[in-house]
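Participant: Okay, so here is work-v9.cif, and as you'll see once you scroll down, it has mmCIF, C-alpha atoms.
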data_structure
#
loop_
_atom_site.label_atom_id
_atom_site.label_comp_id
_atom_site.auth_asym_id
_atom_site.auth_seq_id
_atom_site.Cartn_x
_atom_site.Cartn_y
_atom_site.Cartn_z
CA MET A 1 296.96 21.25 -31.00
CA SER A 2 296.74 24.10 -33.48
CA ILE A 3 293.52 24.81 -35.38
CA ALA A 4 295.37 26.61 -38.20
CA GLY A 5 293.67 25.79 -41.49
CA GLY A 6 290.56 24.37 -39.81
CA LEU A 7 289.34 23.08 -36.45
CA GLU A 8 289.58 19.49 -37.67
CA ASN A 9 293.34 19.84 -38.20
CA ALA A 10 293.88 19.73 -34.42
CA LEU A 11 292.20 16.31 -34.36
CA LEU A 12 294.21 15.05 -37.33
CA ASP A 13 297.51 16.21 -35.81
CA ALA A 14 296.63 14.58 -32.48
CA ARG A 15 295.88 11.30 -34.19
CA ARG A 16 299.13 11.42 -36.20
CA LYS A 17 300.99 11.75 -32.90
CA ARG A 18 299.08 8.76 -31.45
CA CYS A 19 297.21 10.79 -28.83
CA GLY A 20 294.13 9.35 -27.14
CA CYS A 21 292.65 12.77 -26.31
CA VAL A 22 293.26 16.34 -27.44
CA GLN A 23 292.89 19.98 -26.43
CA LEU A 24 292.29 22.81 -28.90
CA PHE A 25 290.91 26.31 -29.17
CA VAL A 26 287.51 26.68 -30.85
CA ALA A 27 288.41 30.15 -32.16
CA ASN A 28 291.39 32.50 -32.34
CA GLN A 29 292.46 32.85 -28.69
CA ARG A 30 293.87 36.35 -29.26
CA GLN A 31 290.70 37.95 -30.66
CA TRP A 32 287.37 38.96 -29.11
CA ARG A 33 285.10 38.44 -32.13
CA HIS A 34 284.86 35.44 -34.43
CA PRO A 35 282.75 34.54 -37.45
CA PRO A 36 279.96 32.06 -36.67
CA LEU A 37 280.54 28.36 -37.26
CA THR A 38 279.14 27.05 -40.52
CA GLU A 39 277.19 23.81 -40.81
CA GLU A 40 279.99 22.48 -43.02
CA GLN A 41 282.64 23.20 -40.34
CA ILE A 42 280.53 21.42 -37.72
CA GLU A 43 279.92 18.40 -39.96
CA VAL A 44 283.61 18.06 -40.89
CA PHE A 45 284.63 18.31 -37.22
CA HIS A 46 282.19 15.60 -36.13
CA ARG A 47 283.24 13.32 -38.99
CA THR A 48 286.94 13.82 -38.27
CA ARG A 49 286.52 13.17 -34.57
CA GLN A 50 284.72 9.92 -35.26
CA SER A 51 287.49 8.67 -37.53
CA ALA A 52 290.29 9.93 -35.23
CA ARG A 53 288.77 8.14 -32.20
CA LEU A 54 289.79 10.81 -29.71
CA ASP A 55 288.07 10.84 -26.33
CA PRO A 56 287.63 13.23 -24.72
CA VAL A 57 288.02 16.34 -26.86
CA ILE A 58 288.75 19.38 -24.71
CA ALA A 59 288.65 23.07 -25.58
CA HIS A 60 290.57 25.86 -23.87
CA SER A 61 289.03 29.32 -23.65
CA SER A 62 290.63 32.50 -24.96
CA TYR A 63 293.41 34.05 -22.88
CA LEU A 64 291.64 37.42 -23.15
CA ILE A 65 288.77 36.32 -20.93
CA ASN A 66 288.92 37.47 -17.30
CA PRO A 67 285.77 36.44 -15.38
CA ALA A 68 287.09 38.04 -12.19
CA ALA A 69 287.72 41.48 -13.76
CA PRO A 70 286.42 44.51 -11.82
CA ASP A 71 286.27 46.62 -15.02
CA ALA A 72 282.67 46.43 -16.24
CA ASP A 73 283.51 46.53 -19.96
CA ILE A 74 286.24 43.87 -19.75
CA TYR A 75 283.96 41.70 -17.61
CA LYS A 76 281.02 42.02 -20.01
CA ARG A 77 283.16 41.23 -23.04
CA GLY A 78 284.73 38.26 -21.25
CA VAL A 79 281.39 36.75 -20.26
CA ALA A 80 280.06 37.19 -23.81
CA ALA A 81 283.20 35.56 -25.26
CA LEU A 82 283.03 32.64 -22.81
CA ALA A 83 279.33 32.13 -23.63
CA ASP A 84 280.11 32.14 -27.35
CA GLU A 85 282.91 29.57 -26.92
CA TYR A 86 280.67 27.41 -24.74
CA ASP A 87 277.98 27.48 -27.44
CA ARG A 88 280.59 26.52 -30.07
CA CYS A 89 281.70 23.59 -27.90
CA GLY A 90 278.13 22.39 -27.65
CA ARG A 91 277.63 22.52 -31.41
CA LEU A 92 280.94 20.73 -32.03
CA GLY A 93 280.24 18.03 -29.44
CA ILE A 94 283.27 18.99 -27.33
CA ASP A 95 283.28 17.42 -23.87
CA TYR A 96 284.97 20.07 -21.71
CA LEU A 97 285.74 23.79 -21.94
CA VAL A 98 288.64 24.80 -19.66
CA PHE A 99 288.88 28.43 -18.56
CA HIS A 100 291.06 30.48 -16.22
CA PRO A 101 289.13 32.15 -13.38
CA GLY A 102 291.27 35.23 -13.96
CA SER A 103 292.49 38.11 -11.80
CA HIS A 104 290.56 40.39 -9.45
CA LYS A 105 293.07 43.17 -10.25
CA GLY A 106 293.38 44.33 -6.65
CA SER A 107 289.63 44.67 -6.06
CA GLY A 108 289.66 41.86 -3.48
CA LEU A 109 289.67 38.08 -3.67
CA GLN A 110 286.09 37.59 -2.46
CA LYS A 111 284.72 40.09 -4.97
CA GLY A 112 286.70 38.36 -7.70
CA ILE A 113 285.32 34.94 -6.77
CA LEU A 114 281.75 36.28 -6.79
CA ARG A 115 282.27 37.77 -10.26
CA VAL A 116 283.57 34.39 -11.51
CA VAL A 117 280.50 32.67 -10.03
CA GLU A 118 278.17 35.16 -11.69
CA ALA A 119 279.97 34.77 -15.03
CA ILE A 120 279.58 30.98 -14.91
CA LYS A 121 275.89 31.28 -14.07
CA LYS A 122 275.32 33.67 -16.98
CA VAL A 123 277.04 31.28 -19.41
CA LEU A 124 275.19 28.19 -18.19
CA ASP A 125 271.84 30.00 -18.15
CA LYS A 126 272.31 31.26 -21.71
CA HIS A 127 273.26 27.93 -23.30
CA ASP A 128 272.11 24.46 -22.34
CA ASN A 129 274.42 21.83 -23.79
CA PRO A 130 276.31 18.74 -22.52
CA CYS A 131 279.73 20.43 -22.52
CA ARG A 132 281.10 20.82 -19.00
CA LEU A 133 282.86 24.03 -17.90
CA LEU A 134 286.13 23.36 -16.07
CA VAL A 135 287.74 25.94 -13.77
CA GLU A 136 291.53 25.67 -14.09
CA THR A 137 293.92 25.94 -11.16
CA THR A 138 296.23 28.96 -11.36
CA ALA A 139 299.82 29.60 -10.28
CA GLY A 140 299.07 32.49 -7.93
CA GLN A 141 300.79 35.30 -9.82
CA GLY A 142 299.48 38.78 -9.04
CA ASP A 143 295.85 38.89 -8.00
CA SER A 144 294.83 35.57 -9.54
CA VAL A 145 291.77 33.62 -8.45
CA GLY A 146 292.08 29.83 -8.34
CA CYS A 147 295.55 29.34 -6.86
CA ARG A 148 294.12 27.82 -3.67
CA PHE A 149 291.84 24.78 -3.62
CA GLU A 150 289.49 26.75 -1.36
CA HIS A 151 288.83 29.20 -4.23
CA LEU A 152 287.73 26.34 -6.49
CA ALA A 153 285.52 24.79 -3.79
CA GLU A 154 283.75 28.09 -3.19
CA ILE A 155 283.14 28.64 -6.92
CA LEU A 156 281.72 25.14 -7.38
CA GLY A 157 279.66 25.44 -4.20
CA ARG A 158 278.12 28.78 -5.14
CA VAL A 159 277.27 27.81 -8.73
CA LYS A 160 275.57 24.58 -7.57
CA SER A 161 275.66 22.85 -10.97
CA PRO A 162 277.78 19.73 -10.28
CA ASP A 163 276.74 18.08 -13.55
CA ARG A 164 277.84 21.08 -15.64
CA LEU A 165 280.96 22.26 -13.80
CA GLY A 166 284.28 20.75 -12.76
CA VAL A 167 288.01 21.35 -12.28
CA CYS A 168 291.10 21.11 -14.47
CA LEU A 169 294.30 20.73 -12.44
CA ASP A 170 297.54 22.01 -13.96
CA THR A 171 300.65 20.42 -12.41
CA CYS A 172 302.85 23.44 -13.15
CA HIS A 173 300.30 25.82 -11.63
CA VAL A 174 299.62 23.92 -8.40
CA PHE A 175 303.35 23.41 -7.77
CA ALA A 176 303.98 27.13 -8.34
CA ALA A 177 301.08 27.84 -5.96
CA GLY A 178 302.74 25.84 -3.17
CA TYR A 179 301.33 22.31 -3.46
CA GLU A 180 304.02 19.60 -3.37
CA LEU A 181 304.13 16.90 -6.09
CA ARG A 182 307.82 15.92 -6.23
CA THR A 183 307.72 13.18 -3.61
CA LYS A 184 305.34 10.28 -3.21
CA GLY A 185 304.27 11.56 0.20
CA GLY A 186 303.91 15.13 -1.03
CA CYS A 187 301.81 14.09 -4.00
CA LYS A 188 299.59 11.92 -1.80
CA GLN A 189 299.11 14.78 0.65
CA THR A 190 298.29 17.30 -2.09
CA PHE A 191 295.55 15.11 -3.52
CA LYS A 192 294.22 14.35 -0.04
CA ILE A 193 293.90 18.10 0.50
CA PHE A 194 292.26 18.47 -2.91
CA ASP A 195 289.83 15.63 -2.18
CA ASP A 196 288.95 17.02 1.25
CA ILE A 197 288.34 20.56 -0.03
CA VAL A 198 287.15 20.18 -3.66
CA GLY A 199 286.46 16.47 -4.08
CA CYS A 200 288.30 14.25 -6.56
CA GLU A 201 284.96 13.49 -8.22
CA ASN A 202 285.03 17.07 -9.53
CA LEU A 203 288.47 16.65 -11.15
CA LYS A 204 287.97 15.95 -14.87
CA VAL A 205 291.24 16.88 -16.65
CA ILE A 206 294.96 17.06 -15.78
CA HIS A 207 297.24 19.52 -17.56
CA ALA A 208 300.57 17.67 -17.33
CA ASN A 209 303.32 20.28 -17.46
CA ASP A 210 306.74 20.47 -15.86
CA THR A 211 307.80 23.93 -14.71
CA LYS A 212 310.75 26.28 -15.13
CA THR A 213 310.04 27.98 -11.80
CA ASP A 214 310.57 26.98 -8.17
CA PHE A 215 308.12 25.60 -5.64
CA ASN A 216 305.69 28.27 -4.36
CA SER A 217 307.08 30.81 -6.87
CA GLY A 218 303.65 31.91 -8.06
CA VAL A 219 305.00 32.04 -11.63
CA ASP A 220 303.52 30.08 -14.55
CA ARG A 221 306.28 28.87 -16.93
CA HIS A 222 305.82 25.45 -18.56
CA GLU A 223 308.71 23.07 -19.26
CA HIS A 224 309.17 19.67 -20.92
CA ILE A 225 308.33 16.59 -18.82
CA GLY A 226 311.27 15.70 -16.56
CA LYS A 227 313.30 18.75 -17.58
CA GLY A 228 311.97 21.21 -15.02
CA LYS A 229 311.69 21.72 -11.28
CA LEU A 230 309.04 19.03 -10.90
CA GLY A 231 311.13 16.31 -12.56
CA ARG A 232 310.21 12.78 -13.62
CA GLU A 233 309.33 11.52 -10.15
CA ALA A 234 306.40 13.94 -9.82
CA PHE A 235 304.78 12.55 -12.97
CA ARG A 236 305.53 8.99 -11.93
CA ASN A 237 303.67 9.75 -8.68
CA LEU A 238 300.70 11.24 -10.54
CA LEU A 239 300.44 8.35 -12.97
CA ALA A 240 300.61 5.82 -10.15
CA ASP A 241 297.59 7.36 -8.39
CA ARG A 242 294.60 5.11 -9.05
CA ARG A 243 292.19 8.05 -8.77
CA LEU A 244 293.87 9.76 -11.72
CA ARG A 245 294.63 6.85 -14.03
CA LYS A 246 291.43 7.19 -16.08
CA LEU A 247 291.58 10.98 -16.40
CA PRO A 248 292.76 12.64 -19.62
CA PHE A 249 296.29 14.07 -19.34
CA ILE A 250 296.91 17.03 -21.65
CA LEU A 251 300.40 18.27 -22.50
CA GLU A 252 300.86 22.05 -22.77
CA THR A 253 304.64 21.79 -23.01
CA PRO A 254 306.69 23.94 -25.44
CA LYS A 255 306.33 23.12 -29.14
CA GLY A 256 309.07 22.70 -31.73
CA LYS A 257 311.94 20.29 -32.28
CA SER A 258 314.75 19.15 -30.01
CA PRO A 259 318.44 19.81 -30.85
CA GLY A 260 318.42 16.28 -32.28
CA GLY A 261 315.54 17.13 -34.61
CA ARG A 262 312.81 15.17 -32.78
CA ASP A 263 309.34 16.60 -32.28
CA TYR A 264 308.96 17.79 -28.67
CA ASP A 265 305.35 16.57 -28.46
CA MET A 266 306.47 13.04 -29.31
CA LEU A 267 309.29 13.18 -26.75
CA ASN A 268 306.95 14.37 -23.98
CA LEU A 269 304.31 11.78 -24.87
CA ALA A 270 306.94 9.04 -24.85
CA MET A 271 308.21 10.17 -21.46
CA LEU A 272 304.74 10.15 -19.86
CA ARG A 273 303.96 6.72 -21.31
CA ARG A 274 307.27 5.35 -20.07
CA LEU A 275 306.59 6.69 -16.58
CA ALA A 276 303.06 5.26 -16.66
CA ARG A 277 304.45 1.79 -17.32
#
Please render this file's structure as structure tokens.
Facilitator:
Amino acid sequence: MSIAGGLENALLDARRKRCGCVQLFVANQRQWRHPPLTEEQIEVFHRTRQSARLDPVIAHSSYLINPAAPDADIYKRGVAALADEYDRCGRLGIDYLVFHPGSHKGSGLQKGILRVVEAIKKVLDKHDNPCRLLVETTAGQGDSVGCRFEHLAEILGRVKSPDRLGVCLDTCHVFAAGYELRTKGGCKQTFKIFDDIVGCENLKVIHANDTKTDFNSGVDRHEHIGKGKLGREAFRNLLADRRLRKLPFILETPKGKSPGGRDYDMLNLAMLRRLAR
């Protein structure tokens, strides 16, 4: 949900749309620097969350941040920005901060993973708060880190902070990275692989997105639930999995209104709830 006009507006919009949880940005995701939070902003956010009864509240980091970047200046700015957002999450009482592990830009996968690990350690060492950092799965485009479950397992294993770190799985991304979700058997196998390599206990959030692109395409393009290459059956499979039923599902599907004038968020929410039943 958008934070235009104030962070609390994301919570109010989520409640108006009958959401049980919400994801938002804690600052402008297209800028490096942000003014510090005021005590009034923090108080209003806490008060609004209490009245909106949203749980959990999840933040997504800026798209500018690349923790795997080989360029020293970009890396330093990214770590500083991630640390600032993590501190903001702690002050706002946000439960999870999701971030993309980024791209190694041709410098080598292993070097990229080690830079991500070091970035996480720097952030966690600088700020001690209850917010948990979540590494998001990626689609595999270019030189991305995080498109294989092995990447995530190595990051979590090297950081060694299981109570402060976890994983956010994006359905569009894992399908584009070559993990099957469309059939009951395929979905079961994908989560068996995930459990064997990463551990389902480390999975904290699901980004529920259909996709415009084909299986194993490596391309990240979100689509409305049931309207893309994944289709309704994939989400029916996910929602039927007992291990996932208590996890927060976040929609990152396209905004706007349908040709019939209905809000797309409401249509996607209704579809997921129908499939869950």
Participant: What's around A:Ala81 at 8 Å? Count only C-alpha atoms, leave out sequence neighbours fewer than 5 positions away in its own chain, and write the answer as a PDB file with C-alpha atoms, keeping the file's coordinate frame.
Facilitator:
ATOM      1  CA  TRP A  32     287.370  38.960 -29.110  1.00  0.00           C
ATOM      2  CA  ARG A  33     285.100  38.440 -32.130  1.00  0.00           C
ATOM      3  CA  ILE A  65     288.770  36.320 -20.930  1.00  0.00           C
TER       4      ILE A  65
END
Participant: Taking the file as shown, find all residues satisfying the PyMOL selection byres ((chain A and resi 199) around 12) and write them as a CSV table (one decimal) with C-alpha atoms, keeping the file's coordinate frame.
Facilitator:
chain,number,residue,atom,x,y,z
A,149,PHE,CA,291.8,24.8,-3.6
A,150,GLU,CA,289.5,26.8,-1.4
A,152,LEU,CA,287.7,26.3,-6.5
A,153,ALA,CA,285.5,24.8,-3.8
A,154,GLU,CA,283.8,28.1,-3.2
A,156,LEU,CA,281.7,25.1,-7.4
A,157,GLY,CA,279.7,25.4,-4.2
A,162,PRO,CA,277.8,19.7,-10.3
A,166,GLY,CA,284.3,20.8,-12.8
A,167,VAL,CA,288.0,21.4,-12.3
A,191,PHE,CA,295.6,15.1,-3.5
A,192,LYS,CA,294.2,14.4,0.0
A,193,ILE,CA,293.9,18.1,0.5
A,194,PHE,CA,292.3,18.5,-2.9
A,195,ASP,CA,289.8,15.6,-2.2
A,196,ASP,CA,289.0,17.0,1.2
A,197,ILE,CA,288.3,20.6,0.0
A,198,VAL,CA,287.2,20.2,-3.7
A,200,CYS,CA,288.3,14.2,-6.6
A,201,GLU,CA,285.0,13.5,-8.2
A,202,ASN,CA,285.0,17.1,-9.5
A,203,LEU,CA,288.5,16.6,-11.2
A,204,LYS,CA,288.0,16.0,-14.9
A,243,ARG,CA,292.2,8.0,-8.8
Participant: Counting only C-alpha atoms, which of A:Ala14, A:Gln29, A:Lys160, A:Ala176 gets nearest to A:Arg49?
Facilitator: A:Ala14
Participant: Hey, could you make a per-residue contact list for stretch 200-221 of chain A against stretch 227-230 of chain A with 7 Å as the cut-off, showing the nearest pair of atoms and its distance in Å to one decimal, counting all atoms listed in the file, sorted by chain and number, as JSON lines?
Facilitator:
{"residue": "A:Asp210", "atom": "CA", "partner": "A:Gly228", "partner_atom": "CA", "distance": 5.3}
{"residue": "A:Thr211", "atom": "CA", "partner": "A:Gly228", "partner_atom": "CA", "distance": 5.0}
{"residue": "A:Lys212", "atom": "CA", "partner": "A:Gly228", "partner_atom": "CA", "distance": 5.2}
{"residue": "A:Thr213", "atom": "CA", "partner": "A:Lys229", "partner_atom": "CA", "distance": 6.5}
{"residue": "A:Asp214", "atom": "CA", "partner": "A:Lys229", "partner_atom": "CA", "distance": 6.2}
Participant: Given the file shown, determine the residues that the PyMOL selection byres ((chain A and resi 108) around 12) selects; report them as a VMD selection string.
Facilitator: chain A and resid 68 to 70 103 to 107 109 to 115 142 to 145
Participant: Within 8 Å of (288.8, 30.3, -19.1) (file coordinates; all atoms listed in the file), which protein or nucleic acid residues are there? I'd like them as an mmCIF file with C-alpha atoms, in the coordinates of the input.
Facilitator:
data_model
loop_
_atom_site.group_PDB
_atom_site.id
_atom_site.type_symbol
_atom_site.label_atom_id
_atom_site.label_comp_id
_atom_site.auth_asym_id
_atom_site.auth_seq_id
_atom_site.Cartn_x
_atom_site.Cartn_y
_atom_site.Cartn_z
ATOM 1 C CA HIS A 60 290.570 25.860 -23.870
ATOM 2 C CA SER A 61 289.030 29.320 -23.650
ATOM 3 C CA SER A 62 290.630 32.500 -24.960
ATOM 4 C CA TYR A 63 293.410 34.050 -22.880
ATOM 5 C CA ILE A 65 288.770 36.320 -20.930
ATOM 6 C CA ASN A 66 288.920 37.470 -17.300
ATOM 7 C CA PRO A 67 285.770 36.440 -15.380
ATOM 8 C CA LEU A 82 283.030 32.640 -22.810
ATOM 9 C CA LEU A 97 285.740 23.790 -21.940
ATOM 10 C CA VAL A 98 288.640 24.800 -19.660
ATOM 11 C CA PHE A 99 288.880 28.430 -18.560
ATOM 12 C CA HIS A 100 291.060 30.480 -16.220
ATOM 13 C CA PRO A 101 289.130 32.150 -13.380
ATOM 14 C CA GLY A 102 291.270 35.230 -13.960
ATOM 15 C CA VAL A 135 287.740 25.940 -13.770
ATOM 16 C CA GLU A 136 291.530 25.670 -14.090
#
Participant: Using only C-alpha atoms, find all polymer residues with an atom at most 10 Å away from the point (272.9, 30.9, -22.5); report them as an NGL selection string.
Facilitator: :A and (80 or 83-84 or 86-87 or 121-129)
Participant: Just give me the gap between atom CA of A:Pro56 and atom CA of A:Ile42 in Å, one decimal is fine.
Facilitator: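 Interatomic distance here is 16.9 Å.
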Participant: Grab all the atoms of stretch 169-178 of chain A that the file lists, wrap them in a box along x, y and z, add 5 Å per side, and give me centre plus edge lengths in Å (one decimal) as lines of an AutoDock Vina configuration file.
Facilitator:
center_x = 299.1
center_y = 24.1
center_z = -8.6
size_x = 19.7
size_y = 17.4
size_z = 20.8
Participant: Return the single residue from A:Ile225, A:Ile250, A:Ile155, A:Val174 that is closest to A:Cys21, with distances computed using all atoms listed in the file.
Facilitator: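 Of A:Ile225, A:Ile250, A:Ile155, A:Val174, the one nearest A:Cys21 is A:Ile250, counting all atoms listed in the file.
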Participant: I'd like to know which of A:Ala270, A:Leu92, A:Cys172, A:Ala119 is closest to A:Ala234, using all atoms listed in the file.
Facilitator: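 With all atoms listed in the file as the atom set, the closest residue is A:Cys172.
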Participant: Calculated over all atoms listed in the file, which of the candidates A:Ala27, A:Cys19, A:Leu272, A:Ala10 has the smallest distance to A:Arg88?
Facilitator: A:Ala27
Participant: Tell me which of A:Val26, A:Lys76, A:Glu40, A:Thr253 sits closest to A:Gly90, counting all atoms listed in the file.
Facilitator: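 Result for the nearest residue to A:Gly90: A:Val26.
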Participant: With the file shown as input, list the residues that the PyMOL selection byres ((chain A and resi 131) around 7) selects, as a list of chain:residue names.
Facilitator: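 Evaluating the PyMOL selection byres ((chain A and resi 131) around 7) on this file yields A:Cys89, A:Gly90, A:Ile94, A:Asp95, A:Tyr96, A:Leu97, A:Asn129, A:Pro130, A:Arg132, A:Leu133.
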Participant: One number please: atom CA of A:Arg262 to atom CA of A:Glu233, in Å, one decimal.
Facilitator: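 Answer for the atom CA of A:Arg262 to atom CA of A:Glu233 separation: 23.2 Å.
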Participant: Rounded to one decimal in Å, what is the spacing between atom CA of A:Val117 and atom CA of A:Cys168?
Facilitator: 16.3 Å
Participant: With distances taken over only C-alpha atoms, which residue among A:Arg53, A:His34, A:Arg232, A:Lys184 lies nearest A:Arg18?
Facilitator: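 Once distances to A:Arg18 are computed over only C-alpha atoms, the minimum belongs to A:Arg53.
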Participant: Rebuild stretch 50-72 of chain A to N, CA and C atoms - output it as a short mmCIF file (atom, residue, chain, number, x, y, z; two decimals), in the coordinates of the input, please.
Facilitator:
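The resulting file, result21.cif, is shown below:
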data_model
loop_
_atom_site.label_atom_id
_atom_site.label_comp_id
_atom_site.auth_asym_id
_atom_site.auth_seq_id
_atom_site.Cartn_x
_atom_site.Cartn_y
_atom_site.Cartn_z
N GLN A 50 285.14 11.31 -35.24
CA GLN A 50 284.72 9.92 -35.26
C GLN A 50 285.81 9.02 -35.83
N SER A 51 286.44 9.48 -36.91
CA SER A 51 287.49 8.67 -37.53
C SER A 51 288.79 8.69 -36.73
N ALA A 52 289.05 9.80 -36.02
CA ALA A 52 290.29 9.93 -35.23
C ALA A 52 290.20 9.18 -33.90
N ARG A 53 288.99 8.90 -33.44
CA ARG A 53 288.77 8.14 -32.20
C ARG A 53 289.46 8.79 -31.00
N LEU A 54 289.23 10.07 -30.83
CA LEU A 54 289.79 10.81 -29.71
C LEU A 54 288.71 11.01 -28.64
N ASP A 55 289.05 10.71 -27.40
CA ASP A 55 288.07 10.84 -26.33
C ASP A 55 288.78 11.03 -24.98
N PRO A 56 288.53 12.15 -24.31
CA PRO A 56 287.63 13.23 -24.72
C PRO A 56 288.32 14.25 -25.61
N VAL A 57 287.51 15.16 -26.17
CA VAL A 57 288.02 16.34 -26.86
C VAL A 57 287.74 17.53 -25.96
N ILE A 58 288.80 18.29 -25.69
CA ILE A 58 288.75 19.38 -24.71
C ILE A 58 289.07 20.69 -25.41
N ALA A 59 288.35 21.73 -25.06
CA ALA A 59 288.65 23.07 -25.58
C ALA A 59 289.21 23.93 -24.45
N HIS A 60 290.06 24.88 -24.82
CA HIS A 60 290.57 25.86 -23.87
C HIS A 60 290.07 27.23 -24.29
N SER A 61 289.59 28.00 -23.33
CA SER A 61 289.03 29.32 -23.65
C SER A 61 290.12 30.32 -24.02
N SER A 62 289.72 31.43 -24.58
CA SER A 62 290.63 32.50 -24.96
C SER A 62 291.37 33.05 -23.75
N TYR A 63 292.62 33.45 -23.95
CA TYR A 63 293.41 34.05 -22.88
C TYR A 63 292.96 35.48 -22.55
N LEU A 64 292.12 36.06 -23.39
CA LEU A 64 291.64 37.42 -23.15
C LEU A 64 290.58 37.47 -22.07
N ILE A 65 289.91 36.36 -21.85
CA ILE A 65 288.77 36.32 -20.93
C ILE A 65 289.22 36.39 -19.48
N ASN A 66 288.62 37.33 -18.73
CA ASN A 66 288.92 37.47 -17.30
C ASN A 66 287.60 37.57 -16.53
N PRO A 67 287.07 36.42 -16.07
CA PRO A 67 285.77 36.44 -15.38
C PRO A 67 285.80 37.10 -14.00
N ALA A 68 286.99 37.39 -13.49
CA ALA A 68 287.09 38.04 -12.19
C ALA A 68 287.34 39.54 -12.30
N ALA A 69 287.34 40.08 -13.51
CA ALA A 69 287.72 41.48 -13.76
C ALA A 69 286.76 42.46 -13.12
N PRO A 70 287.29 43.49 -12.41
CA PRO A 70 286.42 44.51 -11.82
C PRO A 70 285.94 45.54 -12.85
N ASP A 71 286.67 45.69 -13.96
CA ASP A 71 286.27 46.62 -15.02
C ASP A 71 285.02 46.09 -15.72
N ALA A 72 283.97 46.88 -15.73
CA ALA A 72 282.67 46.43 -16.24
C ALA A 72 282.72 46.04 -17.71
#
